[in-house]
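K.L.:
Structure file work.txt, compact mmCIF, C-alpha atoms, is pasted below:
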```
# COMPACT_ATOMS: atom_id res chain seq x y z
CA MET Y 1 11.40 10.86 17.60
CA ILE Y 2 7.85 10.90 16.28
CA ALA Y 3 6.02 7.57 15.89
CA LYS Y 4 3.36 7.27 13.19
CA LYS Y 5 0.99 4.39 12.49
CA VAL Y 6 0.54 3.81 8.76
CA LEU Y 7 -1.57 1.16 7.05
CA LEU Y 8 -1.10 -0.87 3.88
CA VAL Y 9 -4.43 -2.19 2.63
CA GLY Y 10 -5.74 -3.82 -0.53
CA ASN Y 11 -6.87 -7.15 -1.94
CA PHE Y 12 -4.97 -10.37 -1.19
CA GLY Y 13 -1.88 -11.00 -3.29
CA VAL Y 14 -1.31 -7.41 -4.49
CA GLY Y 15 2.14 -7.19 -2.92
CA LYS Y 16 1.59 -5.27 0.34
CA THR Y 17 3.95 -7.53 2.31
CA SER Y 18 6.49 -7.48 -0.55
CA LEU Y 19 6.45 -3.67 -0.63
CA ILE Y 20 7.06 -3.57 3.13
CA ARG Y 21 9.88 -6.16 2.91
CA ARG Y 22 11.51 -4.18 0.11
CA PHE Y 23 11.22 -0.93 2.07
CA VAL Y 24 12.20 -2.21 5.52
CA LEU Y 25 14.72 -4.96 4.67
CA ASN Y 26 15.55 -4.26 1.00
CA GLU Y 27 14.60 -7.87 0.24
CA PHE Y 28 12.24 -9.57 -2.17
CA SER Y 29 10.96 -13.12 -2.21
CA GLU Y 30 8.89 -14.88 -4.88
CA ASP Y 31 7.30 -16.98 -2.13
CA TYR Y 32 3.72 -16.00 -1.40
CA ILE Y 33 2.71 -16.23 2.23
CA SER Y 34 -0.73 -14.87 2.96
CA THR Y 35 -0.90 -12.41 5.84
CA ILE Y 36 -3.41 -13.48 8.47
CA GLY Y 37 -4.86 -10.61 10.46
CA VAL Y 38 -2.22 -7.92 10.66
CA ARG Y 39 1.58 -7.82 10.78
CA VAL Y 40 3.40 -4.76 12.11
CA SER Y 41 6.85 -3.74 10.86
CA LYS Y 42 8.94 -0.77 11.99
CA LYS Y 43 11.34 1.49 10.13
CA VAL Y 44 12.94 4.74 11.21
CA VAL Y 45 13.09 7.33 8.41
CA SER Y 46 14.29 10.89 8.05
CA TYR Y 47 11.85 13.33 6.49
CA GLN Y 48 12.29 17.11 6.36
CA ASN Y 49 14.78 17.17 9.25
CA GLU Y 50 12.51 14.96 11.39
CA THR Y 51 13.21 11.42 12.56
CA ILE Y 52 10.05 9.37 12.28
CA LYS Y 53 9.44 5.82 13.43
CA LEU Y 54 6.93 4.31 11.02
CA MET Y 55 4.78 1.58 12.51
CA ILE Y 56 3.69 -0.11 9.27
CA TRP Y 57 0.53 -2.17 9.66
CA ASP Y 58 0.26 -4.80 6.91
CA VAL Y 59 -3.48 -5.49 6.97
CA ALA Y 60 -4.49 -8.89 5.60
CA GLY Y 61 -5.86 -8.69 2.09
CA THR Y 62 -9.44 -9.51 1.26
CA ASN Y 63 -11.30 -10.54 -1.84
CA GLY Y 64 -13.55 -7.54 -1.25
CA ASP Y 65 -16.40 -9.14 0.70
CA GLU Y 66 -14.80 -9.87 4.07
CA LYS Y 67 -14.99 -7.31 6.83
CA ILE Y 68 -11.71 -6.00 8.20
CA PRO Y 69 -11.75 -5.33 11.96
CA LYS Y 70 -12.08 -1.60 12.64
CA ALA Y 71 -9.48 -1.92 15.43
CA TYR Y 72 -6.73 -2.27 12.80
CA PHE Y 73 -7.56 1.21 11.50
CA LEU Y 74 -7.88 3.08 14.82
CA GLY Y 75 -5.19 5.69 15.36
CA ALA Y 76 -3.79 5.45 11.83
CA HIS Y 77 -2.05 8.59 10.61
CA ALA Y 78 -1.97 7.55 6.93
CA ALA Y 79 -2.88 4.68 4.61
CA MET Y 80 -1.66 3.25 1.33
CA PHE Y 81 -4.10 1.34 -0.86
CA VAL Y 82 -2.22 -1.14 -3.04
CA PHE Y 83 -3.58 -2.85 -6.14
CA ASP Y 84 -2.04 -5.28 -8.61
CA LEU Y 85 -1.60 -3.75 -12.07
CA SER Y 86 -1.81 -7.23 -13.59
CA ARG Y 87 -5.11 -8.25 -11.90
CA GLU Y 88 -8.14 -6.25 -12.98
CA GLU Y 89 -10.26 -7.48 -10.05
CA THR Y 90 -7.96 -5.62 -7.66
CA TYR Y 91 -8.74 -2.19 -9.13
CA LEU Y 92 -12.20 -2.37 -10.70
CA THR Y 93 -13.87 -1.88 -7.30
CA ILE Y 94 -11.29 0.59 -6.02
CA ASP Y 95 -13.91 3.29 -5.24
CA LYS Y 96 -15.85 0.95 -2.94
CA ASN Y 97 -12.66 -0.26 -1.26
CA LEU Y 98 -11.34 3.27 -0.70
CA LYS Y 99 -14.67 4.31 0.83
CA MET Y 100 -14.43 1.38 3.26
CA VAL Y 101 -10.85 2.37 4.23
CA ARG Y 102 -11.91 6.01 4.70
CA ASP Y 103 -14.93 4.98 6.78
CA LEU Y 104 -12.90 2.66 9.02
CA SER Y 105 -9.87 4.93 9.43
CA GLY Y 106 -11.35 8.42 9.28
CA LEU Y 107 -8.54 9.34 6.83
CA LYS Y 108 -9.43 11.52 3.87
CA ASP Y 109 -6.31 11.23 1.74
CA ILE Y 110 -5.07 7.76 0.91
CA THR Y 111 -1.94 7.05 -1.13
CA ILE Y 112 -2.90 4.92 -4.16
CA VAL Y 113 -0.21 2.56 -5.46
CA GLY Y 114 -0.32 0.23 -8.45
CA ASN Y 115 2.22 -2.54 -7.81
CA LYS Y 116 3.90 -5.21 -9.97
CA LYS Y 117 4.86 -2.92 -12.83
CA ASP Y 118 7.56 -5.44 -13.73
CA LEU Y 119 4.82 -7.76 -15.05
CA LEU Y 120 3.49 -5.33 -17.68
CA SER Y 121 4.76 -3.32 -20.63
CA ALA Y 122 4.55 0.50 -20.60
CA THR Y 123 1.55 0.33 -22.98
CA GLU Y 124 -0.24 -2.17 -20.73
CA ILE Y 125 0.40 0.06 -17.71
CA ASP Y 126 -1.06 3.05 -19.60
CA ASN Y 127 -4.16 0.96 -20.38
CA VAL Y 128 -4.58 0.10 -16.69
CA ILE Y 129 -4.19 3.77 -15.70
CA GLN Y 130 -7.05 4.61 -18.10
CA LYS Y 131 -9.29 1.98 -16.46
CA VAL Y 132 -8.64 2.96 -12.83
CA SER Y 133 -11.32 5.37 -11.62
CA VAL Y 134 -9.05 7.31 -9.23
CA ASP Y 135 -5.72 9.09 -9.53
CA ILE Y 136 -2.80 6.75 -8.94
CA ASP Y 137 0.00 8.25 -6.85
CA LEU Y 138 2.75 5.82 -7.82
CA ILE Y 139 3.40 2.75 -9.96
CA THR Y 140 5.80 0.44 -8.12
CA SER Y 141 7.61 -2.86 -8.36
CA ALA Y 142 8.48 -4.50 -5.05
CA LYS Y 143 10.45 -7.07 -7.04
CA GLU Y 144 12.71 -4.53 -8.74
CA GLY Y 145 12.47 -1.88 -6.02
CA ASP Y 146 11.05 0.74 -8.40
CA TYR Y 147 9.49 3.72 -6.58
CA VAL Y 148 9.02 1.76 -3.33
CA GLU Y 149 10.98 4.29 -1.28
CA ASP Y 150 9.00 7.11 -2.96
CA ALA Y 151 5.70 5.46 -2.03
CA PHE Y 152 6.68 5.20 1.63
CA MET Y 153 8.02 8.77 1.68
CA LYS Y 154 4.66 9.95 0.32
CA LEU Y 155 2.96 7.92 3.05
CA THR Y 156 5.30 9.50 5.63
CA ALA Y 157 4.44 12.98 4.36
CA GLN Y 158 0.73 12.21 4.69
CA ALA Y 159 1.23 10.86 8.20
CA LEU Y 160 2.80 14.17 9.24
CA LYS Y 161 -0.05 16.36 7.92
```
Do you think you could lay out the structure here as structure tokens?
P.N.:
Amino acid sequence: MIAKKVLLVGNFGVGKTSLIRRFVLNEFSEDYISTIGVRVSKKVVSYQNETIKLMIWDVAGTNGDEKIPKAYFLGAHAAMFVFDLSREETYLTIDKNLKMVRDLSGLKDITIVGNKKDLLSATEIDNVIQKVSVDIDLITSAKEGDYVEDAFMKLTAQALK
């Protein structure tokens, strides 16, 4: 079995922990509990005839100004940057935030996920996509489970590159 360290990063309250809970436990909770520091979850997945143990590092969200300890990023095989489709402040500075993640992790490709699609109409989502300055890999809903598995499979594929 191959073990891969993957990161979930992004501003506070964008749904990183909810995405992980949906993926690992197939659960969702409306309760918001802020992650302090980092929380590590594990899930074994099958991908292209390989069994991979994902070590999913849920890195505490920031409001953009705080420094995240570099140690969290060391040895990461892949990263997912999550933003909240319903909160403009979580994606307007996405370029700066992605540069910080790349600098800290050494990773070039980062999976970009817009979460909380259940809070917006299709037209509103299209408007957000137009505003975001980078290509979005997936639009997810941790609450409804939409495309969560796909997002983690994309992350798994990146970890194996």
K.L.:
Give me the residues near region 56-60 of chain Y as a PyMOL selection string, where near means some atom within 6 Å (using all atoms listed in the file) and where sequence neighbours in that chain fewer than 4 positions away do not count.
P.N.:
chain Y and resi 6-9+35-42
K.L.:
Show me, as number ranges by chain, the residues that have an atom within 10 Å of Val14 (chain Y) when counting only C-alpha atoms, minus same-chain residues fewer than 2 positions from it.
P.N.:
Y: 9-12, 16-19, 61, 81-87, 90, 114-116
K.L.:
Tell me, in Å to one decimal, how far CA of Thr111 (chain Y) is from CA of Ser29 (chain Y).
P.N.:
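CA of Ser29 (chain Y) lies 24.0 Å from CA of Thr111 (chain Y).
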K.L.:
I need the residue nearest Thr156 (chain Y) from this list: Y:Lys143, Y:Lys4, Y:Lys117, Y:Lys70. Use all atoms listed in the file for the distance.
P.N.:
Y:Lys4
K.L.:
To one decimal place, how far is CA of Thr123 (chain Y) from CA of Asp150 (chain Y) in Å?
P.N.:
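Taking CA of Thr123 (chain Y) as the start and CA of Asp150 (chain Y) as the end point, the length is 22.4 Å.
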K.L.:
Rank nothing, just name the residue among Y:Glu88, Y:Val24, Y:Phe73, Y:Ile2 nearest to Asn127 (chain Y), using all atoms listed in the file.
P.N.:
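Answer, going by the shortest atom-to-atom distance: Y:Glu88.
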K.L.:
Neighbouring residues of Ser105 (chain Y) were defined as those with any atom within 7 Å, considering all atoms listed in the file; residues of the same chain fewer than 4 positions away were excluded. Please report them as a list in words.
P.N.:
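Non-adjacent residues within range: Phe73, Leu74, Ala76 and Val101 of chain Y.
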K.L.:
When you count all atoms listed in the file, which of these residues is closest to Gln48 (chain Y): Y:Ile20, Y:Leu119, Y:Met153, Y:Val132?
P.N.:
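Distance minimum relative to Gln48 (chain Y) lands on Y:Met153.
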K.L.:
One decimal, Å: what's the distance from CA of Asp118 (chain Y) over to CA of Phe28 (chain Y), could you say?
P.N.:
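Pair CA of Asp118 (chain Y) / CA of Phe28 (chain Y) returns 13.1 Å.
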K.L.:
Between Y:Val44, Y:Ala142, Y:Leu54, Y:Ile68, which is the closest to Met100 (chain Y) once you count all atoms listed in the file?
P.N.:
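When distances to Met100 (chain Y) are compared using all atoms listed in the file, the smallest one comes from Y:Ile68.
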K.L.:
Quick one: axis-aligned box around all listed atoms of region 12-26 of chain Y, 3 Å on every side, centre and edge lengths in Å to one decimal, written as AutoDock Vina command-line options.
P.N.:
```
--center_x 5.3 --center_y -6.0 --center_z 0.5 --size_x 26.5 --size_y 16.1 --size_z 16.0
```
K.L.:
Between Y:Glu27, Y:Lys5, Y:Asp126, Y:Leu107, which residue has the minimum interatomic distance to Glu144 (chain Y), considering only C-alpha atoms?
P.N.:
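Among the listed residues, Y:Glu27 lies closest to Glu144 (chain Y).
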K.L.:
Skip Ala151 (chain Y) itself and residues of its chain fewer than 4 positions away, then list as a list in words all residues within 8 Å of it, counting all atoms listed in the file.
P.N.:
Thr111, Val113, Asp137, Leu138, Thr140, Tyr147 and Leu155 of chain Y
K.L.:
Between Y:Gly15, Y:Tyr91, Y:Ile112, Y:Val148, single out the one closest to Lys131 (chain Y), counting all atoms listed in the file.
P.N.:
Y:Tyr91
